[in-house]
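Colleague: To be precise about what I am sending: the file is called input.txt and holds compact mmCIF, C-alpha atoms.
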```txt
# COMPACT_ATOMS: atom_id res chain seq x y z
CA MET A 1 0.00 0.00 0.00
CA ALA A 2 1.32 3.41 -0.92
CA THR A 3 1.87 5.90 1.88
CA PRO A 4 -0.88 8.56 1.86
CA PRO A 5 0.39 11.91 0.52
CA GLY A 6 1.82 14.11 3.23
CA MET A 7 2.26 11.43 5.87
CA PHE A 8 5.95 10.94 5.24
CA ASP A 9 6.50 14.71 5.09
CA GLY A 10 4.84 15.05 8.50
CA MET A 11 7.14 12.41 9.97
CA ARG A 12 10.19 14.05 8.43
CA SER A 13 9.23 17.52 9.71
CA VAL A 14 8.85 16.32 13.29
CA ALA A 15 11.96 14.11 13.23
CA PRO A 16 14.49 16.76 14.41
CA LEU A 17 12.27 17.48 17.41
CA LEU A 18 12.31 13.81 18.43
CA VAL A 19 15.94 14.27 19.53
CA GLY A 20 14.59 16.01 22.61
CA VAL A 21 11.64 13.66 23.07
CA ILE A 22 13.75 10.48 23.33
CA PRO A 23 15.73 11.34 26.51
CA PHE A 24 12.60 12.95 27.99
CA GLY A 25 10.64 9.70 27.51
CA LEU A 26 13.40 7.46 28.83
CA ILE A 27 13.91 9.55 31.95
CA PHE A 28 10.18 9.83 32.58
CA GLY A 29 9.88 6.02 32.45
CA VAL A 30 12.88 5.50 34.73
CA THR A 31 11.57 8.06 37.23
CA ALA A 32 8.01 6.72 37.26
CA ALA A 33 9.20 3.14 37.76
CA GLY A 34 11.44 4.19 40.65
CA SER A 35 8.70 6.25 42.35
CA ALA A 36 5.72 5.24 44.45
CA VAL A 37 3.62 5.38 41.27
CA GLY A 38 5.34 2.32 39.81
CA GLY A 39 6.00 1.22 36.26
CA GLY A 40 2.51 0.02 35.35
CA LEU A 41 0.57 3.17 36.15
CA GLY A 42 3.59 5.27 35.14
CA TYR A 43 3.55 3.84 31.63
CA ALA A 44 -0.26 4.01 31.47
CA THR A 45 -0.04 7.80 31.76
CA SER A 46 1.74 7.78 28.37
CA LEU A 47 -1.29 6.13 26.78
CA ILE A 48 -4.02 7.89 28.75
CA ILE A 49 -2.61 11.43 29.17
CA PHE A 50 0.10 11.56 26.46
CA GLY A 51 1.67 14.84 27.62
CA GLY A 52 5.15 14.75 29.11
CA ALA A 53 5.14 17.75 31.45
CA ALA A 54 1.71 16.88 32.91
CA GLN A 55 2.74 13.23 33.31
CA LEU A 56 5.89 14.23 35.20
CA ALA A 57 4.07 16.70 37.45
CA ALA A 58 1.41 14.07 38.22
CA VAL A 59 4.05 11.48 39.15
CA GLN A 60 5.78 14.02 41.38
CA LEU A 61 2.53 14.92 43.15
CA PHE A 62 1.54 11.24 43.53
CA THR A 63 4.93 10.61 45.16
CA GLU A 64 4.36 13.52 47.58
CA GLY A 65 0.95 12.11 48.47
CA ALA A 66 -1.02 15.10 47.15
CA ALA A 67 -4.83 15.09 47.12
CA ALA A 68 -6.63 13.90 43.97
CA ALA A 69 -8.10 17.34 43.21
CA VAL A 70 -4.65 18.97 43.41
CA ILE A 71 -3.08 16.40 41.08
CA ILE A 72 -5.90 16.75 38.54
CA ALA A 73 -6.01 20.57 38.67
CA THR A 74 -2.23 20.90 38.35
CA ALA A 75 -2.01 18.53 35.37
CA LEU A 76 -4.89 20.28 33.60
CA VAL A 77 -3.37 23.76 34.16
CA ILE A 78 -0.15 22.46 32.56
CA ASN A 79 -2.14 21.13 29.60
CA ALA A 80 -4.33 24.24 29.25
CA ARG A 81 -1.99 25.43 26.47
CA HIS A 82 -3.69 22.87 24.22
CA LEU A 83 -6.76 25.15 24.16
CA MET A 84 -4.59 27.66 22.32
CA TYR A 85 -3.39 25.04 19.83
CA SER A 86 -6.92 23.74 19.30
CA ALA A 87 -8.19 27.24 18.54
CA ALA A 88 -5.40 27.81 16.02
CA LEU A 89 -6.01 24.47 14.25
CA ALA A 90 -9.82 24.64 14.23
CA PRO A 91 -10.19 26.70 11.02
CA HIS A 92 -7.92 24.23 9.19
CA PHE A 93 -9.51 21.09 10.63
CA ARG A 94 -13.02 22.33 9.77
CA GLU A 95 -12.79 20.82 6.28
CA PHE A 96 -11.93 17.33 7.64
CA PRO A 97 -14.59 14.63 8.14
CA ARG A 98 -16.03 14.55 11.66
CA VAL A 99 -14.38 11.28 12.68
CA TRP A 100 -10.98 12.83 11.88
CA ARG A 101 -11.77 15.91 13.96
CA LEU A 102 -12.55 13.65 16.92
CA GLY A 103 -9.46 11.47 16.56
CA LEU A 104 -6.74 13.93 15.60
CA PRO A 105 -6.75 15.91 18.89
CA TYR A 106 -5.55 12.85 20.87
CA ILE A 107 -2.12 13.05 19.18
CA LEU A 108 -1.81 16.85 19.53
CA THR A 109 1.51 17.93 21.09
CA ASP A 110 3.63 21.08 21.24
CA GLN A 111 5.94 19.70 18.55
CA VAL A 112 3.26 18.55 16.10
CA PHE A 113 1.38 21.81 16.51
CA ALA A 114 4.53 23.76 15.73
CA VAL A 115 5.32 21.94 12.45
CA THR A 116 1.68 21.64 11.34
CA ILE A 117 0.68 25.28 11.70
CA ILE A 118 3.70 26.31 9.61
CA LYS A 119 2.96 23.72 6.92
CA TYR A 120 -0.70 24.78 6.67
CA GLU A 121 0.34 28.31 5.65
CA THR A 122 1.47 27.02 2.28
CA GLU A 123 -0.31 23.65 1.86
CA ARG A 124 -3.98 23.80 0.84
CA ASP A 125 -4.96 20.23 -0.07
CA PRO A 126 -7.13 18.89 2.81
CA VAL A 127 -6.09 15.27 2.28
CA TYR A 128 -2.39 16.15 2.31
CA ARG A 129 -3.02 18.38 5.32
CA ARG A 130 -4.57 15.70 7.50
CA TRP A 131 -2.03 13.04 6.61
CA PHE A 132 0.79 15.48 7.34
CA TYR A 133 -0.60 15.96 10.85
CA VAL A 134 -1.12 12.21 11.26
CA GLY A 135 2.45 11.49 10.16
CA GLY A 136 3.98 13.93 12.63
CA GLY A 137 1.57 13.09 15.43
CA MET A 138 1.93 9.31 15.12
CA ALA A 139 5.74 9.50 14.84
CA LEU A 140 5.89 11.36 18.11
CA TRP A 141 3.26 9.14 19.74
CA ILE A 142 5.12 5.94 18.82
CA ILE A 143 8.49 7.32 20.00
CA TRP A 144 6.91 8.45 23.29
CA GLN A 145 5.35 5.01 23.91
CA ILE A 146 8.60 3.16 23.11
CA THR A 147 10.89 5.43 25.13
CA THR A 148 8.68 5.68 28.23
CA ALA A 149 8.12 1.90 28.22
CA THR A 150 11.86 1.32 27.81
CA GLY A 151 12.52 3.69 30.71
CA VAL A 152 10.07 1.74 32.88
CA VAL A 153 11.86 -1.52 32.07
CA LEU A 154 15.30 -0.01 32.74
CA GLY A 155 14.10 1.88 35.81
CA ALA A 156 14.57 -0.73 38.48
CA SER A 157 18.19 -1.42 37.48
CA ILE A 158 19.47 2.18 37.73
CA PRO A 159 21.27 2.89 41.04
CA GLU A 160 20.10 5.79 43.20
CA SER A 161 23.64 7.21 43.44
CA TRP A 162 23.30 8.35 39.83
CA SER A 163 20.79 11.02 41.04
CA LEU A 164 18.80 10.51 37.87
CA ASP A 165 15.78 12.21 39.48
CA PHE A 166 17.67 15.48 38.87
CA ALA A 167 17.05 14.97 35.16
CA ILE A 168 13.40 15.97 35.73
CA PRO A 169 14.03 19.62 36.67
CA LEU A 170 16.73 19.68 33.97
CA MET A 171 14.15 18.65 31.37
CA PHE A 172 11.73 21.33 32.52
CA LEU A 173 14.63 23.81 32.43
CA ALA A 174 15.37 22.84 28.83
CA LEU A 175 11.73 23.60 27.97
CA LEU A 176 11.59 26.78 30.09
CA VAL A 177 14.52 28.69 28.57
CA PRO A 178 13.11 28.83 24.99
CA ALA A 179 9.72 29.89 26.45
CA LEU A 180 11.30 33.12 27.77
CA ARG A 181 10.56 35.02 24.57
CA ASN A 182 9.89 38.53 25.87
CA ARG A 183 9.74 40.58 29.05
CA PRO A 184 6.24 39.51 30.20
CA SER A 185 7.16 35.84 29.80
CA ILE A 186 10.37 36.37 31.81
CA LEU A 187 8.30 38.12 34.50
CA ALA A 188 5.82 35.19 34.48
CA ALA A 189 8.70 32.75 35.01
CA VAL A 190 10.39 34.76 37.78
CA VAL A 191 7.16 35.28 39.73
CA GLY A 192 6.02 31.68 39.12
CA GLY A 193 9.32 30.24 40.29
CA VAL A 194 9.68 32.45 43.36
CA MET A 195 6.05 31.97 44.44
CA ALA A 196 6.29 28.18 44.04
CA LEU A 197 9.44 28.27 46.19
CA VAL A 198 7.86 30.46 48.88
CA ALA A 199 4.72 28.30 48.87
CA HIS A 200 6.44 24.91 48.84
CA ASP A 201 5.33 24.20 52.41
CA VAL A 202 1.71 25.23 51.86
CA ALA A 203 -0.85 22.59 52.73
CA TYR A 204 -2.29 20.20 50.14
CA ASN A 205 0.80 20.48 47.89
CA LEU A 206 -0.67 23.61 46.35
CA GLY A 207 2.75 25.23 45.88
CA LEU A 208 2.95 24.43 42.18
CA MET A 209 -0.57 25.72 41.53
CA ILE A 210 0.09 28.93 43.50
CA GLY A 211 3.29 29.50 41.55
CA ALA A 212 1.55 28.82 38.23
CA VAL A 213 -1.40 31.14 38.89
CA ALA A 214 0.83 33.91 40.28
CA GLY A 215 3.20 33.64 37.31
CA ILE A 216 0.41 33.68 34.72
CA SER A 217 -1.15 36.74 36.42
CA ALA A 218 2.22 38.51 36.47
CA GLY A 219 2.71 37.82 32.75
CA VAL A 220 -0.72 39.26 31.88
CA LEU A 221 -0.16 42.35 34.06
CA GLY A 222 3.32 42.83 32.64
CA GLU A 223 1.98 42.70 29.11
CA ARG A 224 -0.67 45.34 29.89
CA VAL A 225 1.81 47.66 31.59
CA GLY A 226 4.30 47.20 28.76
CA ARG A 227 1.70 48.01 26.11
CA ARG A 228 0.69 51.19 27.91
CA GLY A 229 4.29 52.34 28.49
CA MET B 1 -9.98 8.41 44.67
CA GLY B 2 -7.82 5.66 43.23
CA ASP B 3 -4.64 6.55 41.40
CA TRP B 4 -5.94 5.01 38.17
CA VAL B 5 -9.13 7.07 38.36
CA ILE B 6 -7.06 10.25 38.77
CA VAL B 7 -4.98 9.39 35.69
CA VAL B 8 -8.12 8.69 33.63
CA VAL B 9 -9.70 12.00 34.72
CA ILE B 10 -6.53 13.86 33.69
CA GLY B 11 -6.48 11.94 30.39
CA VAL B 12 -10.10 12.75 29.56
CA GLY B 13 -9.62 16.38 30.61
CA THR B 14 -6.51 16.69 28.45
CA TYR B 15 -8.33 15.17 25.46
CA LEU B 16 -11.20 17.64 25.93
CA LEU B 17 -8.74 20.57 26.04
CA ARG B 18 -7.23 19.35 22.77
CA LEU B 19 -10.66 18.72 21.22
CA SER B 20 -12.21 22.01 22.42
CA PHE B 21 -12.10 24.29 19.38
CA VAL B 22 -11.40 21.60 16.79
CA GLY B 23 -14.40 19.47 17.72
CA VAL B 24 -16.90 21.55 19.66
CA LEU B 25 -16.33 25.30 19.79
CA GLY B 26 -15.57 25.50 16.08
CA THR B 27 -13.86 28.42 14.44
CA ARG B 28 -15.07 31.21 16.67
CA PRO B 29 -12.02 33.19 17.81
CA MET B 30 -10.80 32.69 21.34
CA PRO B 31 -11.74 35.67 23.53
CA GLN B 32 -8.76 37.80 24.53
CA TRP B 33 -9.37 37.28 28.26
CA ALA B 34 -8.73 33.59 27.67
CA GLU B 35 -6.01 33.81 25.07
CA GLN B 36 -3.74 36.21 26.96
CA PRO B 37 -3.23 34.14 30.14
CA LEU B 38 -2.63 30.99 28.07
CA ARG B 39 0.47 32.60 26.59
CA TYR B 40 2.06 32.60 30.05
CA VAL B 41 1.14 29.07 31.11
CA ALA B 42 4.39 27.58 29.83
CA PRO B 43 6.91 29.98 31.45
CA ALA B 44 4.97 30.20 34.74
CA VAL B 45 4.34 26.47 35.15
CA LEU B 46 7.80 25.38 34.05
CA ALA B 47 9.53 27.86 36.39
CA ALA B 48 7.23 26.75 39.23
CA LEU B 49 8.40 23.18 38.58
CA VAL B 50 12.10 23.99 38.24
CA VAL B 51 12.87 26.58 40.93
CA PRO B 52 11.81 24.64 44.06
CA ALA B 53 13.38 21.46 42.69
CA VAL B 54 16.82 23.04 42.33
CA VAL B 55 16.80 25.54 45.23
CA LEU B 56 15.47 23.30 48.01
CA SER B 57 17.75 20.80 49.68
CA ASP B 58 16.13 18.62 52.36
CA GLY B 59 13.18 21.01 52.42
CA ARG B 60 15.25 24.18 53.00
CA ALA B 61 16.39 26.82 50.54
CA ASP B 62 20.14 26.41 49.98
CA ILE B 63 22.15 27.74 47.05
CA THR B 64 25.68 27.14 48.38
CA PRO B 65 27.80 24.92 46.08
CA LEU B 66 28.68 22.46 48.86
CA GLY B 67 25.28 22.40 50.59
CA ASN B 68 23.27 22.04 47.38
CA PRO B 69 25.29 21.07 44.29
CA ARG B 70 22.01 20.74 42.35
CA PHE B 71 21.60 24.53 42.25
CA VAL B 72 25.04 25.08 40.70
CA ALA B 73 24.50 22.19 38.28
CA ALA B 74 21.17 23.76 37.25
CA LEU B 75 22.91 27.07 36.54
CA VAL B 76 25.37 25.27 34.26
CA ALA B 77 22.44 23.57 32.51
CA ALA B 78 20.60 26.91 32.17
CA VAL B 79 23.56 28.43 30.32
CA ILE B 80 23.65 25.43 27.98
CA ALA B 81 19.88 25.69 27.42
CA TRP B 82 20.26 29.36 26.58
CA ARG B 83 23.13 28.85 24.11
CA LEU B 84 22.01 25.58 22.47
CA LYS B 85 18.72 24.03 21.48
CA GLY B 86 17.57 20.57 22.48
CA VAL B 87 16.91 18.68 25.66
CA ALA B 88 19.75 16.18 25.38
CA GLY B 89 22.62 18.68 25.74
CA VAL B 90 20.98 20.35 28.74
CA ILE B 91 20.54 17.05 30.56
CA ILE B 92 24.09 15.89 29.79
CA ALA B 93 25.55 19.21 30.99
CA GLY B 94 23.44 19.35 34.16
CA MET B 95 23.95 15.70 35.12
CA GLY B 96 27.67 15.94 34.36
CA ALA B 97 28.04 19.05 36.52
CA LEU B 98 26.12 17.39 39.37
CA TRP B 99 28.27 14.24 39.25
CA ILE B 100 31.48 16.28 39.26
CA LEU B 101 30.29 18.41 42.21
CA GLN B 102 29.17 15.31 44.12
CA ALA B 103 32.55 13.66 43.50
CA ILE B 104 34.38 16.75 44.79
CA GLY B 105 32.06 17.45 47.74
```
Written as structure tokens, how would this file's structure read?
Modeller:
Amino acid sequence: MATPPGMFDGMRSVAPLLVGVIPFGLIFGVTAAGSAVGGGLGYATSLIIFGGAAQLAAVQLFTEGAAAAVIIATALVINARHLMYSAALAPHFREFPRVWRLGLPYILTDQVFAVTIIKYETERDPVYRRWFYVGGGMALWIIWQITTATGVVLGASIPESWSLDFAIPLMFLALLVPALRNRPSILAAVVGGVMALVAHDVAYNLGLMIGAVAGISAGVLGERVGRRG
Amino acid sequence: MGDWVIVVVIGVGTYLLRLSFVGVLGTRPMPQWAEQPLRYVAPAVLAALVVPAVVLSDGRADITPLGNPRFVAALVAAVIAWRLKGVAGVIIAGMGALWILQAIG
């Protein structure tokens, strides 16, 4: 069977971004397997949630014994950025059959959004368009499943003296630095980080949520002040 | 609530966030009051994850190289993240710095 048009191009466009996804997936699997969450549920988050940062935050909060509502709210705040992606893709997806519009969002990620929205500026054919998204989305999905599962299998055999848990904040750091695009986003990060630090002892493990909400508010305020000045 | 139930609720919620405009809300533009805060979710959340993890040592803030080598290692990694793209280099630099500091300390 011939590959549908666009599918291979989608895979090829997302391929350079997989270089970052592979260590992320491996370390997530190792960390989940070594935590109180365990390998089974840890890997299941790759299938059920399929979003690295939210999966990592959930594992961290599970390990700290946080309340269900806190774990759910924190993970969903982290994934709220998908609303933005969904809004940007909606005009392009409108021409796809309904079953495609229901299925495609499951494989939406930061990386696939980034390559797709650029491709759609120049590519008009709806069949090519949806297979391009499928190619990129499935490539990333498959790599994420393989690497997180491999990490889970390796997890138990990695000694604690390697301090591999430190790779988690390092991964978030690697994602944070490119997100500091302008002054309001730097302000959002500074306030978010400092508030999460100050609030780390707050009851119900709400520190991360407090930091997130404070940082987002600071970014919005900073943008308004900057526009006026 | 069981751990599995929590994961399923997060999974369904995440799917609905992804589906929102594509499947249900359609092509109406996102109101500005919603769109503006979303731009700052990534920097705020990521910093809120990183800062306590690298500043706290045994539950207390400590940024001395001997007391908390993780903070210094994170600074090294931040410089690498700023100069280069990609997760792999940042992790290698940060882990390498931590191992060296732990070996010295």
Colleague: Tell me which protein, DNA and RNA residues are within 7 Å of segment 204-210 of chain A, counting all atoms listed in the file, leaving out same-chain ones fewer than 2 positions away, and put them as a list in words.
Modeller: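 The residues that qualify are Ala66, Ala67, Val70, Thr74, Met195, Ala196, Ala199, His200, Val202, Ala212, Val213 and Ala214 of chain A; Ala48 and Leu49 of chain B.
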Colleague: Near Leu56 of chain A, within 12 Å and counting only C-alpha atoms, which residues show up once chain neighbours fewer than 4 positions away are dropped, as a compact mmCIF listing (two decimals) with C-alpha atoms, keeping the file's coordinate frame?
Modeller:
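Now in selection.txt:
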```
# COMPACT_ATOMS: atom_id res chain seq x y z
CA PHE A 24 12.60 12.95 27.99
CA GLY A 25 10.64 9.70 27.51
CA LEU A 26 13.40 7.46 28.83
CA ILE A 27 13.91 9.55 31.95
CA PHE A 28 10.18 9.83 32.58
CA GLY A 29 9.88 6.02 32.45
CA VAL A 30 12.88 5.50 34.73
CA THR A 31 11.57 8.06 37.23
CA ALA A 32 8.01 6.72 37.26
CA ALA A 33 9.20 3.14 37.76
CA SER A 35 8.70 6.25 42.35
CA VAL A 37 3.62 5.38 41.27
CA GLY A 42 3.59 5.27 35.14
CA TYR A 43 3.55 3.84 31.63
CA THR A 45 -0.04 7.80 31.76
CA SER A 46 1.74 7.78 28.37
CA ILE A 49 -2.61 11.43 29.17
CA PHE A 50 0.10 11.56 26.46
CA GLY A 51 1.67 14.84 27.62
CA GLY A 52 5.15 14.75 29.11
CA GLN A 60 5.78 14.02 41.38
CA LEU A 61 2.53 14.92 43.15
CA PHE A 62 1.54 11.24 43.53
CA THR A 63 4.93 10.61 45.16
CA ILE A 71 -3.08 16.40 41.08
CA THR A 74 -2.23 20.90 38.35
CA ALA A 75 -2.01 18.53 35.37
CA ILE A 78 -0.15 22.46 32.56
CA ASN A 79 -2.14 21.13 29.60
CA THR A 148 8.68 5.68 28.23
CA ASP A 165 15.78 12.21 39.48
CA ALA A 167 17.05 14.97 35.16
CA ILE A 168 13.40 15.97 35.73
CA PRO A 169 14.03 19.62 36.67
CA MET A 171 14.15 18.65 31.37
CA PHE A 172 11.73 21.33 32.52
CA VAL B 7 -4.98 9.39 35.69
CA LEU B 46 7.80 25.38 34.05
CA LEU B 49 8.40 23.18 38.58
CA VAL B 50 12.10 23.99 38.24
```
Colleague: Provide as a PyMOL selection string the residues of chain A at most 6 Å from chain B, counting all atoms listed in the file.
Modeller: chain A and resi 20+48-49+72+81-83+86-87+90-91+101+105-106+169-170+172+174+176+179+188-189+192-193+196-197+208+211-212+215-216+219-220
Colleague: Please report the interatomic distance between atom CA of Leu221 of chain A and atom CA of Pro184 of chain A in Å with one decimal.
Modeller: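 Going from atom CA of Leu221 of chain A over to atom CA of Pro184 of chain A covers 8.0 Å.
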Colleague: Would you mind telling me which residue in B:Gln32, B:Val76, B:Asp62, B:Asn68 lies nearest to Gly96 of chain B when using all atoms listed in the file?
Modeller: B:Val76
